[in-house]
Amino acid sequence: MAVDPTLSEALYERALAVLPGGVSRNTVLRRPHPLYADHASGCRVTDVEGVERIDFANNMASLIHGHAHPEIVAAVTEQLGKGSAFTLATEIEIRFAEHIVNRNAGFEKVRFVNSGTEAVMAMLKAARAFTGRYKIAKVEGSYHGLYDYAEVSQTSQPSNWGSESSPVAVPVAFGTPPGVLADVVVIPFNDPERAVAILDEHRGTLAGVLLDPMPHRVGLVPASSEFVTRVREWTESDGSLLLFDEVITFRSEFGGAQEWYDVRPDFTAMGKLIGGGFPVGAIAGTARVMDVMNPLTDPVLFPHSGTFSANPVTMTAGLTAMEMYDTDAVEYVNALANLAVAGIKAAIEATGAEACVTGGGSMFRVHMKAEPPATYRDSFVTPEESRRLTALLDHLLDSGFIMINTCSAATSTAMGEAEIDALVESIAEGLEMVGSPGA
Ligand SMILES: Cc1ncc(COP(=O)(O)O)c(C=O)c1O
């Protein structure tokens, strides 16, 4: 019997013919087909079937002011009329650099690139150029984009991750060169004793230690002060660099989540929100380390370029968005997330669900676990938890809420308490249905 395909089904059929798996980014894949966006405004997205939903995914936590903010639209539209990319420098690039440098006392110089992946890659290469060493250390399970070295052990499994005291460097992509695995040292998150013991085995060989202060895939739990401080002390004693990936977490405070700690990293990679809705990445640090990219030195330790880097459209959108993301705005989105976390905790208690909520700054994540995970291994989702989490996400989608597919959420200035209350109510309903094992 012939079934009338919906608009989305028909689009997905066409997509499958020309895109591997029918998508350009795996994050938008959903069964039986992705949702296709038609338009959006503020915190609401309408799909091609005309269904409107409240957007708590915000393009993977990158939209700090929601969609189509009128000031960003106006500024970008004006810039588009003047040209979108030149083989010339622009003043807007300098203005945006001045703005970023003024947000954090540890930033003296900044370089713009086109994505978070590129920012992390450039940061690792800069650390190698500065130290003359080539190995890096990273946290097990932490996502830093697609660069070979940065993605090691991002998807480790119980079957291949090895012991806690000596995590195995596990490749993500088939065909990862063995040399890459040999040059990446994997440490456990928030476990200073084990992490420092592992680092000690590689003394004198590491260019840097790569840390996300609140790694989403590791459970969206902030790094403890003790962990960050011990790693910082270790890098200082070793002559290696502390490399912060703040691609997501820069939204957490005016100068990034690093404000939570007493230590400052040598380099910071940024992306997502600082592009105001356009593709972006950036690396910032002191002039001393950033000068490895200085083309006026001889030799240039790390020659660095990019056709669309610092294009005036991204710079305009980014500057407009970040000027509006002042300390009041940061406090506002953080308060919304706190409100959500308090509401979800109350819902978990009221329903007796085997679930918990983690987060920090303007983000939170629901786990189908009784206790908040401390490490990647703790946060590893079992098939049973995955089944319940998928059911919760389906319920939320059907009730009009878009979440990040780990059941994480990012607030934006386009939201208010009404949207938070509505989400909490829907999560409570979902937990009532699927909160307990076997439900
Ligand atoms: C912490 C972190 N680093 C790096 C990246 C890579 O950024 P992009 O997707 O812009 O390449 C991401 C993307 O989700 C991220 O969350």
# chains A, B, ... in the order shown; residues from 1 in each chain; ligands from 1

$ closest_atom_pairs --of "stretch 370-428 of chain A" --to "stretch 261-275 of chain A" --cutoff "12 Å" --atoms "only C-alpha atoms" --output "Markdown table"
| residue | atom | partner | partner_atom | distance |
| --- | --- | --- | --- | --- |
| A:Ala410 | CA | A:Leu273 | CA | 11.1 |
| A:Thr411 | CA | A:Leu273 | CA | 11.8 |
| A:Ser412 | CA | A:Leu273 | CA | 10.4 |

$ residues_around --residues "A:Val186" --least-positions-apart "3" --cutoff "8 Å" --atoms "only C-alpha atoms" --output "VMD selection string"
chain A and resid 137 to 140 153 166 to 169

$ residues_near_ligand --ligand "ligand 1" --cutoff "8 Å" --atoms "only C-alpha atoms and all ligand atoms" --output "NGL selection string"
:A and (60 or 114-120 or 142-146 or 212 or 215-216 or 245-249 or 269-272 or 279-281)

$ select_by_dssp --residues "stretch 87-276 of chain A" --states "strand (DSSP E)" --output "ChimeraX atom specification"
/A:109-113,135-139,162-163,166-167,184-187,206-211,241-245,267-271

$ select_by_dssp --residues "stretch 320-438 of chain A" --states "alpha helix (DSSP H)" --output "JSON, numbers by chain"
{"A": [320, 321, 322, 323, 324, 327, 328, 329, 330, 331, 332, 333, 334, 335, 336, 337, 338, 339, 340, 341, 342, 343, 344, 345, 346, 347, 348, 349, 350, 351, 376, 377, 378, 379, 383, 384, 385, 386, 387, 388, 389, 390, 391, 392, 393, 394, 395, 396, 397, 398, 417, 418, 419, 420, 421, 422, 423, 424, 425, 426, 427, 428, 429, 430, 431, 432, 433, 434]}

$ residues_around --residues "A:Ile72" --least-positions-apart "3" --cutoff "12 Å" --atoms "only C-alpha atoms" --output "PyMOL selection string"
chain A and resi 42+63-69+75-80+275-278+313-324

$ residues_around --residues "A:Ala10" --least-positions-apart "3" --cutoff "12 Å" --atoms "only C-alpha atoms" --output "tab-separated table (two decimals) with all heavy atoms, in the first residue's frame"
chain	number	residue	atom	x	y	z
A	3	VAL	N	2.23	4.75	0.79
A	3	VAL	CA	2.10	5.70	1.91
A	3	VAL	C	2.59	7.05	1.41
A	3	VAL	O	3.63	7.15	0.78
A	3	VAL	CB	2.97	5.24	3.10
A	3	VAL	CG1	2.86	6.23	4.26
A	3	VAL	CG2	2.58	3.84	3.53
A	4	ASP	N	1.82	8.08	1.68
A	4	ASP	CA	2.25	9.43	1.30
A	4	ASP	C	3.44	9.84	2.16
A	4	ASP	O	3.28	9.98	3.38
A	4	ASP	CB	1.11	10.42	1.56
A	4	ASP	CG	0.32	10.66	0.32
A	4	ASP	OD1	0.71	10.09	-0.72
A	4	ASP	OD2	-0.70	11.37	0.38
A	5	PRO	N	4.62	10.01	1.59
A	5	PRO	CA	5.73	10.42	2.44
A	5	PRO	C	5.50	11.84	2.94
A	5	PRO	O	4.94	12.67	2.24
A	5	PRO	CB	6.94	10.36	1.51
A	5	PRO	CG	6.40	10.39	0.13
A	5	PRO	CD	4.99	9.91	0.18
A	6	THR	N	5.91	12.11	4.15
A	6	THR	CA	5.84	13.49	4.63
A	6	THR	C	6.92	14.28	3.90
A	6	THR	O	7.80	13.70	3.25
A	6	THR	CB	6.14	13.56	6.13
A	6	THR	OG1	7.48	13.16	6.32
A	6	THR	CG2	5.19	12.70	6.95
A	7	LEU	N	6.88	15.57	4.07
A	7	LEU	CA	7.86	16.44	3.43
A	7	LEU	C	9.28	16.04	3.86
A	7	LEU	O	10.19	15.92	3.04
A	7	LEU	CB	7.56	17.88	3.84
A	7	LEU	CG	7.95	18.99	2.91
A	7	LEU	CD1	7.64	18.65	1.46
A	7	LEU	CD2	7.23	20.27	3.33
A	13	GLU	N	14.88	11.19	1.57
A	13	GLU	CA	15.13	10.25	0.46
A	13	GLU	C	16.07	10.88	-0.57
A	13	GLU	O	17.01	10.25	-1.03
A	13	GLU	CB	13.81	9.89	-0.20
A	13	GLU	CG	13.41	8.44	0.06
A	13	GLU	CD	12.09	8.13	-0.60
A	13	GLU	OE1	12.04	8.13	-1.85
A	13	GLU	OE2	11.14	7.92	0.16
A	14	ARG	N	15.81	12.16	-0.88
A	14	ARG	CA	16.70	12.87	-1.82
A	14	ARG	C	18.10	12.99	-1.22
A	14	ARG	O	19.10	12.79	-1.91
A	14	ARG	CB	16.15	14.27	-2.12
A	14	ARG	CG	15.05	14.27	-3.15
A	14	ARG	CD	14.38	15.63	-3.25
A	14	ARG	NE	15.32	16.72	-3.48
A	14	ARG	CZ	15.05	18.01	-3.20
A	14	ARG	NH1	13.87	18.34	-2.69
A	14	ARG	NH2	15.94	18.93	-3.44
A	15	ALA	N	18.14	13.30	0.05
A	15	ALA	CA	19.44	13.50	0.72
A	15	ALA	C	20.26	12.22	0.71
A	15	ALA	O	21.49	12.25	0.49
A	15	ALA	CB	19.21	13.97	2.16
A	16	LEU	N	19.60	11.08	0.93
A	16	LEU	CA	20.33	9.80	0.97
A	16	LEU	C	21.03	9.50	-0.35
A	16	LEU	O	22.06	8.83	-0.38
A	16	LEU	CB	19.36	8.66	1.31
A	16	LEU	CG	19.03	8.50	2.80
A	16	LEU	CD1	17.88	7.53	2.98
A	16	LEU	CD2	20.26	8.03	3.58
A	17	ALA	N	20.48	10.05	-1.43
A	17	ALA	CA	21.07	9.79	-2.75
A	17	ALA	C	22.37	10.56	-2.95
A	17	ALA	O	23.22	10.13	-3.74
A	17	ALA	CB	20.07	10.15	-3.84
A	22	GLY	N	22.82	10.70	4.26
A	22	GLY	CA	21.80	11.73	4.06
A	22	GLY	C	22.07	13.02	4.82
A	22	GLY	O	21.23	13.91	4.87
A	32	PRO	N	13.16	8.34	12.17
A	32	PRO	CA	13.53	7.72	10.90
A	32	PRO	C	14.18	8.69	9.91
A	32	PRO	O	14.70	8.27	8.89
A	32	PRO	CB	12.18	7.22	10.37
A	32	PRO	CG	11.17	8.15	10.95
A	32	PRO	CD	11.71	8.58	12.28
A	33	HIS	N	14.14	9.99	10.20
A	33	HIS	CA	14.75	10.97	9.31
A	33	HIS	C	15.06	12.22	10.12
A	33	HIS	O	14.47	12.44	11.19
A	33	HIS	CB	13.81	11.31	8.13
A	33	HIS	CG	12.45	11.75	8.59
A	33	HIS	ND1	12.21	12.97	9.16
A	33	HIS	CD2	11.26	11.10	8.60
A	33	HIS	CE1	10.94	13.07	9.50
A	33	HIS	NE2	10.34	11.95	9.18
A	34	PRO	N	15.98	13.07	9.63
A	34	PRO	CA	16.26	14.31	10.38
A	34	PRO	C	15.05	15.24	10.35
A	34	PRO	O	14.17	15.08	9.49
A	34	PRO	CB	17.42	14.95	9.60
A	34	PRO	CG	17.92	13.91	8.68
A	34	PRO	CD	16.79	12.96	8.42
A	35	LEU	N	15.00	16.20	11.26
A	35	LEU	CA	14.04	17.29	11.13
A	35	LEU	C	14.67	18.30	10.18
A	35	LEU	O	15.87	18.54	10.24
A	35	LEU	CB	13.82	17.98	12.48
A	35	LEU	CG	13.21	17.17	13.61
A	35	LEU	CD1	13.09	18.05	14.85
A	35	LEU	CD2	11.85	16.64	13.20
A	36	TYR	N	13.86	18.88	9.33
A	36	TYR	CA	14.38	19.89	8.40
A	36	TYR	C	13.84	21.26	8.82
A	36	TYR	O	12.62	21.46	8.91
A	36	TYR	CB	13.97	19.55	6.96
A	36	TYR	CG	14.76	18.36	6.45
A	36	TYR	CD1	14.28	17.06	6.60
A	36	TYR	CD2	16.01	18.54	5.86
A	36	TYR	CE1	15.02	15.97	6.16
A	36	TYR	CE2	16.75	17.46	5.42
A	36	TYR	CZ	16.26	16.18	5.58
A	36	TYR	OH	17.01	15.11	5.15
A	48	VAL	N	9.95	22.18	8.39
A	48	VAL	CA	9.28	22.32	7.10
A	48	VAL	C	7.83	21.85	7.15
A	48	VAL	O	7.04	22.16	6.26
A	48	VAL	CB	10.04	21.56	5.98
A	48	VAL	CG1	11.34	22.24	5.64
A	48	VAL	CG2	10.25	20.09	6.36
A	49	GLU	N	7.48	21.10	8.19
A	49	GLU	CA	6.07	20.68	8.32
A	49	GLU	C	5.24	21.69	9.11
A	49	GLU	O	4.07	21.47	9.36
A	49	GLU	CB	6.00	19.30	8.98
A	49	GLU	CG	5.96	18.16	7.99
A	49	GLU	CD	7.20	17.27	8.04
A	49	GLU	OE1	7.96	17.37	9.02
A	49	GLU	OE2	7.42	16.51	7.10

$ residues_around --residues "A:Val292" --least-positions-apart "4" --cutoff "9 Å" --atoms "only C-alpha atoms" --output "list in words"
Ala126, Ala127, Ala129, Phe130, Arg288, Thr297, Val300, Leu301, Phe302 and Pro303 of chain A

$ write_last_selection --atoms "all heavy atoms" --output "short mmCIF file (atom, residue, chain, number, x, y, z; two decimals), in the first residue's frame"
data_model
loop_
_atom_site.label_atom_id
_atom_site.label_comp_id
_atom_site.auth_asym_id
_atom_site.auth_seq_id
_atom_site.Cartn_x
_atom_site.Cartn_y
_atom_site.Cartn_z
N ALA A 126 50.64 25.13 17.57
CA ALA A 126 51.36 26.27 18.16
C ALA A 126 52.14 25.81 19.40
O ALA A 126 53.28 26.23 19.63
CB ALA A 126 50.36 27.37 18.54
N ALA A 127 51.52 24.92 20.19
CA ALA A 127 52.20 24.42 21.40
C ALA A 127 53.44 23.62 21.01
O ALA A 127 54.49 23.72 21.66
CB ALA A 127 51.24 23.56 22.21
N ALA A 129 55.18 24.05 18.24
CA ALA A 129 56.17 24.99 17.71
C ALA A 129 56.87 25.72 18.85
O ALA A 129 58.08 25.97 18.80
CB ALA A 129 55.48 25.99 16.78
N PHE A 130 56.12 26.06 19.90
CA PHE A 130 56.68 26.82 21.00
C PHE A 130 57.64 25.98 21.84
O PHE A 130 58.72 26.43 22.24
CB PHE A 130 55.56 27.37 21.90
CG PHE A 130 56.05 28.25 23.01
CD1 PHE A 130 56.36 29.59 22.77
CD2 PHE A 130 56.22 27.76 24.30
CE1 PHE A 130 56.82 30.41 23.78
CE2 PHE A 130 56.68 28.57 25.32
CZ PHE A 130 56.99 29.90 25.06
N ARG A 288 53.81 36.19 24.13
CA ARG A 288 54.99 35.33 24.12
C ARG A 288 54.70 34.02 23.37
O ARG A 288 55.47 33.59 22.52
CB ARG A 288 55.39 35.03 25.57
CG ARG A 288 56.76 34.46 25.77
CD ARG A 288 57.04 34.40 27.27
NE ARG A 288 56.32 33.30 27.90
CZ ARG A 288 56.82 32.10 28.15
NH1 ARG A 288 58.07 31.84 27.83
NH2 ARG A 288 56.10 31.17 28.72
N THR A 297 58.51 37.29 12.19
CA THR A 297 59.73 36.76 12.80
C THR A 297 60.46 35.89 11.78
O THR A 297 59.89 35.47 10.77
CB THR A 297 59.41 35.90 14.04
OG1 THR A 297 58.55 34.84 13.65
CG2 THR A 297 58.76 36.73 15.13
N VAL A 300 59.60 31.80 10.96
CA VAL A 300 58.25 31.73 11.52
C VAL A 300 58.07 30.31 12.04
O VAL A 300 58.17 29.35 11.28
CB VAL A 300 57.19 32.02 10.43
CG1 VAL A 300 55.81 32.13 11.07
CG2 VAL A 300 57.52 33.26 9.64
N LEU A 301 57.85 30.20 13.35
CA LEU A 301 57.81 28.85 13.93
C LEU A 301 56.59 28.05 13.49
O LEU A 301 56.65 26.84 13.32
CB LEU A 301 57.87 28.93 15.46
CG LEU A 301 59.16 29.54 16.03
CD1 LEU A 301 59.11 29.55 17.56
CD2 LEU A 301 60.39 28.77 15.54
N PHE A 302 55.46 28.75 13.33
CA PHE A 302 54.24 28.06 12.91
C PHE A 302 53.53 28.91 11.85
O PHE A 302 52.69 29.74 12.17
CB PHE A 302 53.34 27.82 14.14
CG PHE A 302 51.95 27.31 13.82
CD1 PHE A 302 51.68 26.55 12.68
CD2 PHE A 302 50.89 27.56 14.68
CE1 PHE A 302 50.41 26.08 12.40
CE2 PHE A 302 49.61 27.10 14.42
CZ PHE A 302 49.38 26.37 13.27
N PRO A 303 53.89 28.71 10.58
CA PRO A 303 53.22 29.47 9.51
C PRO A 303 51.74 29.08 9.49
O PRO A 303 51.40 27.90 9.54
CB PRO A 303 53.92 28.99 8.23
CG PRO A 303 55.17 28.33 8.70
CD PRO A 303 54.89 27.78 10.05
#

$ closest_residue --among "A:Ile136, A:Ala329, A:Pro188, A:Pro213" --to "A:Leu241" --atoms "only C-alpha atoms"
A:Ile136

$ closest_residue --among "A:Glu93, A:Glu233, A:Asp328, A:Glu201" --to "A:Ser165" --atoms "only C-alpha atoms"
A:Glu201

$ residues_around --residues "stretch 391-406 of chain A" --least-positions-apart "4" --cutoff "7 Å" --atoms "only C-alpha atoms" --output "MDAnalysis selection string"
chainID A and resid 52:57 60 387 426:427 430 434

$ atom_distance --atom1 "atom CA of A:Phe107" --atom2 "atom CA of A:Gly285"
4.6 Å

$ residues_around --residues "A:Gly361" --least-positions-apart "5" --cutoff "8 Å" --atoms "only C-alpha atoms" --output "PyMOL selection string"
chain A and resi 249+251-253+257+333-334+337

$ closest_residue --among "A:Val18, A:Thr413, A:Val424, A:Thr286" --to "A:Gly343" --atoms "only C-alpha atoms"
A:Val424

$ atom_distance --atom1 "atom CA of A:Ser237" --atom2 "atom CA of A:Val185"
17.6 Å

$ decode --residues "stretch 379-399 of chain A" --atoms "N, CA, C and O atoms" --output "PDB file, in the first residue's frame"
ATOM      1  N   SER A 379      30.405   8.175  33.036  1.00  0.00           N
ATOM      2  CA  SER A 379      29.310   8.765  32.261  1.00  0.00           C
ATOM      3  C   SER A 379      28.939   7.897  31.063  1.00  0.00           C
ATOM      4  O   SER A 379      27.984   8.199  30.351  1.00  0.00           O
ATOM      5  N   PHE A 380      29.692   6.810  30.858  1.00  0.00           N
ATOM      6  CA  PHE A 380      29.426   5.934  29.715  1.00  0.00           C
ATOM      7  C   PHE A 380      27.975   5.436  29.782  1.00  0.00           C
ATOM      8  O   PHE A 380      27.526   4.946  30.815  1.00  0.00           O
ATOM      9  N   VAL A 381      27.246   5.600  28.679  1.00  0.00           N
ATOM     10  CA  VAL A 381      25.808   5.295  28.675  1.00  0.00           C
ATOM     11  C   VAL A 381      25.599   3.809  28.353  1.00  0.00           C
ATOM     12  O   VAL A 381      26.015   3.336  27.300  1.00  0.00           O
ATOM     13  N   THR A 382      24.958   3.088  29.273  1.00  0.00           N
ATOM     14  CA  THR A 382      24.681   1.664  29.040  1.00  0.00           C
ATOM     15  C   THR A 382      23.509   1.546  28.058  1.00  0.00           C
ATOM     16  O   THR A 382      22.736   2.510  27.893  1.00  0.00           O
ATOM     17  N   PRO A 383      23.345   0.375  27.421  1.00  0.00           N
ATOM     18  CA  PRO A 383      22.214   0.218  26.486  1.00  0.00           C
ATOM     19  C   PRO A 383      20.871   0.511  27.162  1.00  0.00           C
ATOM     20  O   PRO A 383      19.993   1.135  26.573  1.00  0.00           O
ATOM     21  N   GLU A 384      20.728   0.108  28.423  1.00  0.00           N
ATOM     22  CA  GLU A 384      19.463   0.332  29.134  1.00  0.00           C
ATOM     23  C   GLU A 384      19.236   1.839  29.350  1.00  0.00           C
ATOM     24  O   GLU A 384      18.147   2.364  29.121  1.00  0.00           O
ATOM     25  N   GLU A 385      20.308   2.547  29.737  1.00  0.00           N
ATOM     26  CA  GLU A 385      20.194   4.003  29.936  1.00  0.00           C
ATOM     27  C   GLU A 385      19.911   4.702  28.605  1.00  0.00           C
ATOM     28  O   GLU A 385      19.150   5.658  28.539  1.00  0.00           O
ATOM     29  N   SER A 386      20.555   4.185  27.557  1.00  0.00           N
ATOM     30  CA  SER A 386      20.383   4.785  26.241  1.00  0.00           C
ATOM     31  C   SER A 386      18.921   4.666  25.789  1.00  0.00           C
ATOM     32  O   SER A 386      18.352   5.608  25.237  1.00  0.00           O
ATOM     33  N   ARG A 387      18.330   3.512  26.067  1.00  0.00           N
ATOM     34  CA  ARG A 387      16.918   3.291  25.681  1.00  0.00           C
ATOM     35  C   ARG A 387      16.020   4.319  26.392  1.00  0.00           C
ATOM     36  O   ARG A 387      15.183   4.968  25.771  1.00  0.00           O
ATOM     37  N   ARG A 388      16.257   4.513  27.698  1.00  0.00           N
ATOM     38  CA  ARG A 388      15.404   5.448  28.450  1.00  0.00           C
ATOM     39  C   ARG A 388      15.670   6.902  28.044  1.00  0.00           C
ATOM     40  O   ARG A 388      14.766   7.724  27.969  1.00  0.00           O
ATOM     41  N   LEU A 389      16.962   7.193  27.779  1.00  0.00           N
ATOM     42  CA  LEU A 389      17.311   8.562  27.379  1.00  0.00           C
ATOM     43  C   LEU A 389      16.682   8.910  26.023  1.00  0.00           C
ATOM     44  O   LEU A 389      16.166  10.017  25.823  1.00  0.00           O
ATOM     45  N   THR A 390      16.720   7.954  25.093  1.00  0.00           N
ATOM     46  CA  THR A 390      16.117   8.175  23.773  1.00  0.00           C
ATOM     47  C   THR A 390      14.616   8.394  23.932  1.00  0.00           C
ATOM     48  O   THR A 390      14.028   9.273  23.277  1.00  0.00           O
ATOM     49  N   ALA A 391      13.994   7.610  24.814  1.00  0.00           N
ATOM     50  CA  ALA A 391      12.546   7.774  25.032  1.00  0.00           C
ATOM     51  C   ALA A 391      12.252   9.166  25.609  1.00  0.00           C
ATOM     52  O   ALA A 391      11.283   9.826  25.212  1.00  0.00           O
ATOM     53  N   LEU A 392      13.122   9.629  26.519  1.00  0.00           N
ATOM     54  CA  LEU A 392      12.928  10.968  27.091  1.00  0.00           C
ATOM     55  C   LEU A 392      13.096  12.043  26.005  1.00  0.00           C
ATOM     56  O   LEU A 392      12.295  12.978  25.910  1.00  0.00           O
ATOM     57  N   LEU A 393      14.130  11.876  25.174  1.00  0.00           N
ATOM     58  CA  LEU A 393      14.367  12.854  24.103  1.00  0.00           C
ATOM     59  C   LEU A 393      13.198  12.867  23.110  1.00  0.00           C
ATOM     60  O   LEU A 393      12.783  13.932  22.638  1.00  0.00           O
ATOM     61  N   ASP A 394      12.660  11.679  22.794  1.00  0.00           N
ATOM     62  CA  ASP A 394      11.510  11.605  21.875  1.00  0.00           C
ATOM     63  C   ASP A 394      10.307  12.313  22.487  1.00  0.00           C
ATOM     64  O   ASP A 394       9.592  13.057  21.813  1.00  0.00           O
ATOM     65  N   HIS A 395      10.102  12.086  23.788  1.00  0.00           N
ATOM     66  CA  HIS A 395       8.982  12.740  24.471  1.00  0.00           C
ATOM     67  C   HIS A 395       9.147  14.269  24.412  1.00  0.00           C
ATOM     68  O   HIS A 395       8.194  15.002  24.127  1.00  0.00           O
ATOM     69  N   LEU A 396      10.388  14.725  24.664  1.00  0.00           N
ATOM     70  CA  LEU A 396      10.633  16.176  24.657  1.00  0.00           C
ATOM     71  C   LEU A 396      10.401  16.753  23.260  1.00  0.00           C
ATOM     72  O   LEU A 396       9.794  17.821  23.111  1.00  0.00           O
ATOM     73  N   LEU A 397      10.876  16.042  22.254  1.00  0.00           N
ATOM     74  CA  LEU A 397      10.694  16.527  20.880  1.00  0.00           C
ATOM     75  C   LEU A 397       9.200  16.600  20.540  1.00  0.00           C
ATOM     76  O   LEU A 397       8.725  17.604  19.999  1.00  0.00           O
ATOM     77  N   ASP A 398       8.480  15.538  20.903  1.00  0.00           N
ATOM     78  CA  ASP A 398       7.036  15.514  20.615  1.00  0.00           C
ATOM     79  C   ASP A 398       6.312  16.620  21.381  1.00  0.00           C
ATOM     80  O   ASP A 398       5.270  17.103  20.948  1.00  0.00           O
ATOM     81  N   SER A 399       6.875  16.999  22.531  1.00  0.00           N
ATOM     82  CA  SER A 399       6.228  18.057  23.325  1.00  0.00           C
ATOM     83  C   SER A 399       6.712  19.447  22.917  1.00  0.00           C
ATOM     84  O   SER A 399       6.355  20.436  23.560  1.00  0.00           O
TER      85      SER A 399
END
